[in-house]
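Undergrad: To start, I am sharing the structure in question, which I have written as structure tokens.
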Amino acid sequence: MLYLSIVIIALTLIAALTIVIYTLKNGIPPMPTTRYLCDQTEKIVQKYQLPSGTAVEAGSGWGTLALYLGRRHPHLQFIGLENSPLPFLIARLLRLMLRRDNCRFLRTDMYRYDYRETNIVLCYLFAGAMRRFAPLFREQLPNGALVISIFFAIPGWTPVETYQCSDLYRTKIYVYKITNRTETHESQNTKIIAPK
């Protein structure tokens, strides 16, 4: 019994240390997306009615957003990108348990991923990541691709829509549409909408 306790404590410490190391490396801890924000993001994805395609969640953490959207949009393929080992393993385990065949998770650097075949990019990151993504998305995303960013805008880009959520933080969800592979979008007017 003592041996089992030691093993459990050691595994817990290793898991915690891994989370701390990757939080320092990434600049943000792996936080699950709340059910409310998953609902609001799903309504936005639904609005654009893609008949098929690939949605990539950059920094998928525990996989909550990709798995939630994967259930509601079985016609889309969802790819979660995560470099932190523990959240990545949990996301893969949840995918198997929930039988989300249209979802997969890759343990990779989200800045080195090739976004050229991506129809939607989902982000719930931090300001520095969005700054770093701006030139990458401009260069790689195809015409018509969407970037849906929760909480953090892409600096220098004008969203086609901005949704103001009614949660505690009044979270904004920014929607960008790639036009002519630049940050010039269809509309220069940003509207604030509270998703229902």
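Ligands are numbered from 1 in the order shown, residues from 1 within each chain, and chains are lettered A, B, ... in the order they appear in the structure tokens.
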Just list the residues in stretch 33-190 of chain A DSSP gives helix (DSSP H, G or I) on the backbone, as a PyMOL selection string.
TA: chain A and resi 35-48+64-72+85-98+127-140
Undergrad: Now that the selection is made, can you save its residues with N, CA and C atoms as a compact mmCIF listing (two decimals), in the first residue's frame?
TA:
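Output (part.txt):
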```
# COMPACT_ATOMS: atom_id res chain seq x y z
N ARG A 35 -18.24 25.95 -20.99
CA ARG A 35 -19.40 25.49 -21.77
C ARG A 35 -20.07 26.67 -22.48
N TYR A 36 -20.19 27.78 -21.76
CA TYR A 36 -20.82 28.97 -22.35
C TYR A 36 -20.05 29.44 -23.58
N LEU A 37 -18.73 29.54 -23.50
CA LEU A 37 -17.95 30.00 -24.65
C LEU A 37 -17.94 28.96 -25.77
N CYS A 38 -18.01 27.68 -25.42
CA CYS A 38 -18.17 26.65 -26.45
C CYS A 38 -19.48 26.86 -27.20
N ASP A 39 -20.56 27.11 -26.45
CA ASP A 39 -21.88 27.36 -27.06
C ASP A 39 -21.83 28.55 -28.01
N GLN A 40 -21.23 29.64 -27.56
CA GLN A 40 -21.19 30.86 -28.38
C GLN A 40 -20.34 30.66 -29.63
N THR A 41 -19.23 29.97 -29.48
CA THR A 41 -18.36 29.69 -30.63
C THR A 41 -19.08 28.78 -31.62
N GLU A 42 -19.82 27.80 -31.10
CA GLU A 42 -20.57 26.89 -31.97
C GLU A 42 -21.59 27.66 -32.80
N LYS A 43 -22.26 28.64 -32.21
CA LYS A 43 -23.25 29.44 -32.95
C LYS A 43 -22.58 30.22 -34.08
N ILE A 44 -21.38 30.67 -33.84
CA ILE A 44 -20.65 31.41 -34.89
C ILE A 44 -20.27 30.45 -36.02
N VAL A 45 -19.73 29.29 -35.67
CA VAL A 45 -19.37 28.30 -36.69
C VAL A 45 -20.62 27.92 -37.50
N GLN A 46 -21.73 27.72 -36.81
CA GLN A 46 -22.99 27.36 -37.47
C GLN A 46 -23.42 28.44 -38.45
N LYS A 47 -23.25 29.69 -38.08
CA LYS A 47 -23.67 30.82 -38.92
C LYS A 47 -22.99 30.79 -40.29
N TYR A 48 -21.73 30.37 -40.33
CA TYR A 48 -20.99 30.40 -41.59
C TYR A 48 -21.22 29.15 -42.44
N THR A 64 -11.47 20.59 -24.98
CA THR A 64 -12.89 20.84 -24.74
C THR A 64 -13.59 21.51 -25.92
N LEU A 65 -12.98 22.52 -26.52
CA LEU A 65 -13.64 23.24 -27.62
C LEU A 65 -13.74 22.37 -28.87
N ALA A 66 -12.65 21.75 -29.28
CA ALA A 66 -12.66 20.91 -30.48
C ALA A 66 -13.64 19.74 -30.33
N LEU A 67 -13.67 19.11 -29.18
CA LEU A 67 -14.58 17.99 -28.96
C LEU A 67 -16.03 18.43 -28.96
N TYR A 68 -16.29 19.58 -28.36
CA TYR A 68 -17.65 20.13 -28.32
C TYR A 68 -18.14 20.45 -29.73
N LEU A 69 -17.31 21.14 -30.50
CA LEU A 69 -17.69 21.49 -31.87
C LEU A 69 -17.76 20.26 -32.77
N GLY A 70 -16.88 19.29 -32.53
CA GLY A 70 -16.89 18.07 -33.31
C GLY A 70 -18.20 17.31 -33.19
N ARG A 71 -18.81 17.35 -32.02
CA ARG A 71 -20.10 16.67 -31.83
C ARG A 71 -21.20 17.35 -32.62
N ARG A 72 -21.17 18.67 -32.67
CA ARG A 72 -22.23 19.44 -33.33
C ARG A 72 -22.02 19.63 -34.83
N PRO A 85 2.27 17.91 -22.88
CA PRO A 85 1.94 16.48 -22.95
C PRO A 85 0.70 16.04 -22.18
N LEU A 86 0.48 16.54 -20.97
CA LEU A 86 -0.65 16.06 -20.18
C LEU A 86 -1.99 16.47 -20.79
N PRO A 87 -2.21 17.75 -21.10
CA PRO A 87 -3.48 18.11 -21.75
C PRO A 87 -3.68 17.36 -23.08
N PHE A 88 -2.59 17.21 -23.83
CA PHE A 88 -2.67 16.48 -25.09
C PHE A 88 -3.16 15.04 -24.87
N LEU A 89 -2.58 14.35 -23.89
CA LEU A 89 -3.00 12.96 -23.61
C LEU A 89 -4.44 12.88 -23.13
N ILE A 90 -4.84 13.84 -22.29
CA ILE A 90 -6.24 13.86 -21.80
C ILE A 90 -7.19 14.09 -22.98
N ALA A 91 -6.84 15.03 -23.88
CA ALA A 91 -7.69 15.30 -25.05
C ALA A 91 -7.83 14.04 -25.91
N ARG A 92 -6.74 13.33 -26.12
CA ARG A 92 -6.80 12.10 -26.94
C ARG A 92 -7.64 11.03 -26.25
N LEU A 93 -7.50 10.93 -24.95
CA LEU A 93 -8.30 9.97 -24.20
C LEU A 93 -9.79 10.32 -24.28
N LEU A 94 -10.13 11.60 -24.12
CA LEU A 94 -11.53 12.04 -24.22
C LEU A 94 -12.08 11.78 -25.62
N ARG A 95 -11.27 12.01 -26.62
CA ARG A 95 -11.69 11.75 -28.00
C ARG A 95 -12.10 10.29 -28.17
N LEU A 96 -11.30 9.38 -27.62
CA LEU A 96 -11.61 7.96 -27.72
C LEU A 96 -12.86 7.60 -26.91
N MET A 97 -12.96 8.14 -25.70
CA MET A 97 -14.10 7.85 -24.84
C MET A 97 -15.40 8.39 -25.45
N LEU A 98 -15.34 9.57 -26.07
CA LEU A 98 -16.54 10.21 -26.64
C LEU A 98 -16.81 9.78 -28.08
N ALA A 127 -2.52 37.60 -26.01
CA ALA A 127 -2.19 38.68 -26.95
C ALA A 127 -0.90 38.41 -27.73
N GLY A 128 0.12 37.93 -27.05
CA GLY A 128 1.39 37.66 -27.72
C GLY A 128 1.27 36.60 -28.81
N ALA A 129 0.45 35.60 -28.57
CA ALA A 129 0.25 34.55 -29.57
C ALA A 129 -0.46 35.11 -30.80
N MET A 130 -1.44 35.98 -30.59
CA MET A 130 -2.17 36.53 -31.73
C MET A 130 -1.26 37.44 -32.56
N ARG A 131 -0.38 38.16 -31.90
CA ARG A 131 0.62 38.98 -32.61
C ARG A 131 1.52 38.10 -33.46
N ARG A 132 1.94 37.01 -32.89
CA ARG A 132 2.83 36.09 -33.60
C ARG A 132 2.11 35.38 -34.76
N PHE A 133 0.82 35.13 -34.59
CA PHE A 133 0.06 34.45 -35.64
C PHE A 133 -0.27 35.35 -36.83
N ALA A 134 -0.35 36.66 -36.63
CA ALA A 134 -0.78 37.56 -37.71
C ALA A 134 -0.04 37.33 -39.02
N PRO A 135 1.29 37.37 -39.06
CA PRO A 135 1.96 37.14 -40.35
C PRO A 135 1.83 35.70 -40.85
N LEU A 136 1.76 34.76 -39.94
CA LEU A 136 1.62 33.35 -40.31
C LEU A 136 0.28 33.11 -41.00
N PHE A 137 -0.79 33.62 -40.40
CA PHE A 137 -2.12 33.47 -41.00
C PHE A 137 -2.20 34.20 -42.34
N ARG A 138 -1.61 35.40 -42.39
CA ARG A 138 -1.63 36.18 -43.63
C ARG A 138 -0.96 35.41 -44.77
N GLU A 139 0.13 34.74 -44.44
CA GLU A 139 0.89 34.01 -45.45
C GLU A 139 0.24 32.68 -45.84
N GLN A 140 -0.32 31.96 -44.86
CA GLN A 140 -0.72 30.59 -45.11
C GLN A 140 -2.21 30.35 -45.34
```
Undergrad: Expressed in Å to a single decimal, how great is the separation between atom CA of A:Trp157 and atom CA of A:Thr179?
TA: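 Computed distance, atom CA of A:Trp157 to atom CA of A:Thr179, equals 11.7 Å.
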Undergrad: Kindly indicate which residue among A:Leu2, A:Ala58, A:Ile150, A:Val121 lies nearest to A:Thr108, using only C-alpha atoms for the distances.
TA: A:Ala58
